[in-house]
Amino acid sequence: MNVLVSVKRVPLTGGKIVLTDDERAISTRHLGFTVSPHEECGVEEAVRLIEQHGGSSTVLTLGPPEAEEQLRDMMALGIDRAVHLVTDASNEWDPQATANAIVEAIRAEPDPYDLLLFGNESADAGNYQVAIRVAHKLGLPVVTGVKAITVESDQSVRLEQEVPGGRDVYVVPMPAVATVKEGLNLPRYPSVPGRLRAKRKPVASSTPARPQPQLEMVRLVLPPGAGKETEVLGNGADAAPAVVKVLDELGLL
Amino acid sequence: MILVFAERSDEELFRQALAFARSLGDDDVLAVGIDDPAGYSPDAWGTALAGVTGDRRASVVVGPGTERGNEVLAHVAAMLDLPMAANCTSATSGDPLTLTRIRWGGSLLEEAQLHGSPALLTVAPHAVAADPAAESDVVELLSVAPDGGVRVSERVETTTAGVSLADADVVVSGGRGVGSAEGFAVIEELAALLGAAVGCSRAVTSAGWRPHTDQVGQTGTKISPSLYIACGISGATQHMAGCKGAKKLMAINPDNEASIFASADYAVIGDLHEVVPAISAEIRKTRGGE
């Protein structure tokens with residue numbers, strides 16, 4: 001089977017977000033980059049599905065030239081090849097433009113995909129819609145928030161969602177689109193041989209034109225701080241009586 | 001007119017979406033729910049909502065920022081090929097419509113313009129006060145084709161033991177500072193004494209020390225306890241997005257520069273392996289002395 005997994009390069013934000021001077025991006029001078037957490041699980045699942053069923057896995061991203069770093073990282077985990085839709089880092093793509101570019105790239109691929117995996121939402125923009133738009137354009141079924149994937153022998157796929165009190169199971173024919181959530185699996189760490197192999201794996205690059213955004217970011221704003229006054233209860237084990245006094249005052253004893 | 005998608009898995013969030021819609025300056029607000037005896041189908045529900053949006057010539061469609069709210073609105077957006085903004089905190093009508101929405105699970109806000117009509121928006125949870133209207137007075141039900149769309153084929157019930165993380169009144173969490181799976185024994189002991197749920201940070205689940213069901217954060221469980229005790233957690237935005245609903249936050253960390261202290265009501269500077277057992281012993285002493 002052929003599995004596609006889409007990822008997005010995002011900064012590792014750490015404890016405090018600092019904006020660039022033009023307030024249109026997070027200052028990344030001191031930050032590393034990763035992909036959205038849900039997508040890490042999508043990549044792991046793609047690798048496992050190919051290990052189990054045979055075939056080929058592809059990772060796709062729409063992002064700046066530097067996003068090749070994430071594509072190599074994902075190939076180090078076992079993904080076979082990459083598709084890079086290269087963008088100009090200074091301008092965001094909105095969800096509609098992103099979905100349309102991904103659809104064009106999928107249509108241009110030599111082989112069709114059986115399963116197309118996306119993160120449930122990106123870590124940064126979080127608009128919850130790219131995968132659903134791609135599914136509609138390609139006329140494929142889509143299930144979101146997936147925490148378990150089983151490919152059945154009859155070319156259908158069983159997709160399970162966590163809901164309060166249990167799991168909802170969807171069984172849909174492939175090809176199909178699924179958005180996954182962290183917790184689907186525990187992603188592996190890259191091996192040294194995996195990293196070496198990733199350097200030689202193929203990346204197909206193209207540079208789509210950015211349409212005028214319909215959802216257009218004007219600027220980013222840091223939310224007002226909680227403005228909390230922190231009461232220091234003490235240092236080390238000596239703080240225990242003061243902690244218990246607080247627990248008592250809160251009615252928790 | 002403004003349409004509100006009455007996705008009522010969470011009544012409070014639906015009422016917040018209704019209040020958000022009423023704030024947009026058009027008195028003609030209609031809430032539409034879906035009457036689907038066959039259960040839930042995101043695309044069938046999206047088809048029904050897209051249909052009524054056209055029939056009523058709605059200028060704005062608002063849904064709650066629940067999983068289903070975002071999902072069904074995204075189907076409507078895909079069907080009508082219109083932009084959609086998820087998890088808005090405010091909006092002002094106009095051409096283009098201007099809005100503020102959350103990014104990074106609420107650690108950052110975005111001001112944006114949405115071009116195109118009707119505007120499709122969902123409302124970030126707990127960004128606006130709920131509308132007090134009685135549900136039966138405001139919701140008009142739409143019927144959908146029971147055989148259309150991708151549908152749930154089976155429901156697997158699961159039983160969970162102990163206090164659920166999402167509903168717990170007190171949560172005691174451990175982070176990277178716990179050091180190992182075994183290290184959680186002290187966290188579990190304190191949690192048991194307080195009748196609390198045990199949580200953890202993403203570093204812990206990535207290391208395989210705890211299951212993902214214990215993870216508090218942007219991509220884990222979002223909690224709103226009376227008291228959150230964070231032990232050995234630095235306070236990355238990923239984690240804080242999951243615990244910002246806590247009424248009180250107590251942080252125990254050896255690094256007095258840790259960013260979690262900026263959000264803490266109570267701080268203990270120290271190694272959790274010394275502090276947490278001392279707190280448990282002190283609770284026992286206090287209770288034993290009563």
# chains A, B, ... in the order shown; residues from 1 in each chain; ligands from 1
>>> select_by_dssp(residues="range 140-192 of chain B", states="helix (DSSP H, G or I)", output="PDB file with C-alpha atoms, in the first residue's frame")
ATOM      1  CA  LEU B 165      -8.075  13.590  34.540  1.00  0.00           C
ATOM      2  CA  ALA B 166     -10.463  15.928  32.730  1.00  0.00           C
ATOM      3  CA  ASP B 167     -12.952  16.027  35.629  1.00  0.00           C
ATOM      4  CA  ARG B 176      10.856  15.460  33.060  1.00  0.00           C
ATOM      5  CA  GLY B 177      12.183  16.127  36.577  1.00  0.00           C
ATOM      6  CA  VAL B 178      10.591  12.896  37.816  1.00  0.00           C
ATOM      7  CA  GLU B 182       9.363   4.379  38.860  1.00  0.00           C
ATOM      8  CA  GLY B 183       9.895   7.953  40.035  1.00  0.00           C
ATOM      9  CA  PHE B 184       6.127   8.502  39.736  1.00  0.00           C
ATOM     10  CA  ALA B 185       5.587   6.516  42.957  1.00  0.00           C
ATOM     11  CA  VAL B 186       5.933   9.713  45.014  1.00  0.00           C
ATOM     12  CA  ILE B 187       3.504  11.560  42.697  1.00  0.00           C
ATOM     13  CA  GLU B 188       0.979   8.704  42.974  1.00  0.00           C
ATOM     14  CA  GLU B 189       1.308   8.646  46.752  1.00  0.00           C
ATOM     15  CA  LEU B 190       0.528  12.367  47.084  1.00  0.00           C
ATOM     16  CA  ALA B 191      -2.321  12.062  44.570  1.00  0.00           C
ATOM     17  CA  ALA B 192      -3.855   9.173  46.546  1.00  0.00           C
TER      18      ALA B 192
END
>>> closest_atom_pairs(of="chain B", to="chain A", cutoff="6 Å", atoms="only C-alpha atoms", output="Markdown table")
| residue | atom | partner | partner_atom | distance |
| --- | --- | --- | --- | --- |
| B:Ala74 | CA | A:Gln129 | CA | 5.2 |
| B:Ala78 | CA | A:Arg133 | CA | 4.8 |
| B:Pro83 | CA | A:Gln214 | CA | 5.8 |
| B:Ala86 | CA | A:Asn127 | CA | 5.0 |
| B:Arg103 | CA | A:Ala125 | CA | 5.1 |
| B:Trp104 | CA | A:Asp124 | CA | 4.7 |
| B:Leu108 | CA | A:Leu222 | CA | 5.2 |
| B:Leu109 | CA | A:Val221 | CA | 5.0 |
| B:Glu110 | CA | A:Leu220 | CA | 4.5 |
| B:Glu111 | CA | A:Arg219 | CA | 5.4 |
| B:Ala112 | CA | A:Met217 | CA | 4.3 |
| B:Gln113 | CA | A:Glu216 | CA | 5.1 |
| B:Leu114 | CA | A:Leu215 | CA | 4.6 |
| B:His115 | CA | A:Gln214 | CA | 5.0 |
| B:Val152 | CA | A:Tyr170 | CA | 4.9 |
| B:Ser153 | CA | A:Tyr170 | CA | 5.4 |
| B:Glu154 | CA | A:Val169 | CA | 5.0 |
| B:Arg155 | CA | A:Asp168 | CA | 4.7 |
| B:Val156 | CA | A:Arg167 | CA | 4.9 |
| B:Glu157 | CA | A:Gly166 | CA | 4.2 |
| B:Thr158 | CA | A:Gly166 | CA | 4.6 |
| B:His212 | CA | A:Gly183 | CA | 5.2 |
| B:Gly235 | CA | A:Gly15 | CA | 5.6 |
| B:Ala236 | CA | A:Gly15 | CA | 4.0 |
| B:Thr237 | CA | A:Gly15 | CA | 5.4 |
| B:Ser259 | CA | A:Gly15 | CA | 5.5 |
| B:Ala264 | CA | A:Thr230 | CA | 5.7 |
| B:Asp265 | CA | A:Thr230 | CA | 4.6 |
| B:Tyr266 | CA | A:Glu231 | CA | 4.8 |
| B:Ala267 | CA | A:Val232 | CA | 4.6 |
| B:Val268 | CA | A:Gly234 | CA | 5.3 |
| B:Ile269 | CA | A:Asn235 | CA | 4.7 |
| B:Gly270 | CA | A:Gly236 | CA | 4.3 |
| B:Glu274 | CA | A:Ala237 | CA | 5.6 |
| B:Val275 | CA | A:Ala237 | CA | 4.4 |
| B:Ala278 | CA | A:Ala237 | CA | 5.5 |
| B:Ile279 | CA | A:Ala240 | CA | 4.7 |
>>> select_by_dssp(residues="range 106-252 of chain A", states="strand (DSSP E)", output="count of residues only")
52
>>> residues_around(residues="Val163 in chain B", least_positions_apart="5", cutoff="10 Å", atoms="only C-alpha atoms", output="CSV table (one decimal) with C-alpha atoms, in the first residue's frame")
chain,number,residue,atom,x,y,z
B,168,ALA,CA,-10.6,15.8,38.6
B,169,ASP,CA,-10.9,18.5,41.3
B,170,VAL,CA,-7.2,18.1,42.1
B,171,VAL,CA,-4.4,17.0,39.7
B,195,GLY,CA,-8.0,12.0,46.1
B,196,ALA,CA,-6.4,13.5,43.0
B,197,ALA,CA,-5.7,12.3,39.4
B,198,VAL,CA,-2.2,11.8,38.3
>>> residues_around(residues="Leu4 in chain A", least_positions_apart="4", cutoff="10 Å", atoms="only C-alpha atoms", output="ChimeraX atom specification")
/A:42-43,46,56-60,79,81-83,106,112-118,177
>>> residues_around(residues="Thr207 in chain A", least_positions_apart="4", cutoff="12 Å", atoms="only C-alpha atoms", output="list in words")
Thr61, Leu62, Gly63, Pro64, Pro65, Val83, His84, Leu85, Val86, Thr87, Asp88, Ala101, Ile102, Glu104 and Ala105 of chain A
>>> atom_distance(atom1="CA of Ser224 in chain B", atom2="CA of Ala19 in chain B")
22.3 Å
>>> atom_distance(atom1="CA of Thr53 in chain B", atom2="CA of Gly69 in chain B")
15.3 Å
>>> closest_residue(among="A:Asp154, A:Asp21, A:Glu44, A:Glu249", to="Val5 in chain A", atoms="only C-alpha atoms")
A:Glu44
>>> closest_residue(among="B:Ala85, B:Val4, B:Val276, B:Leu73", to="Val60 in chain B", atoms="only C-alpha atoms")
B:Val4
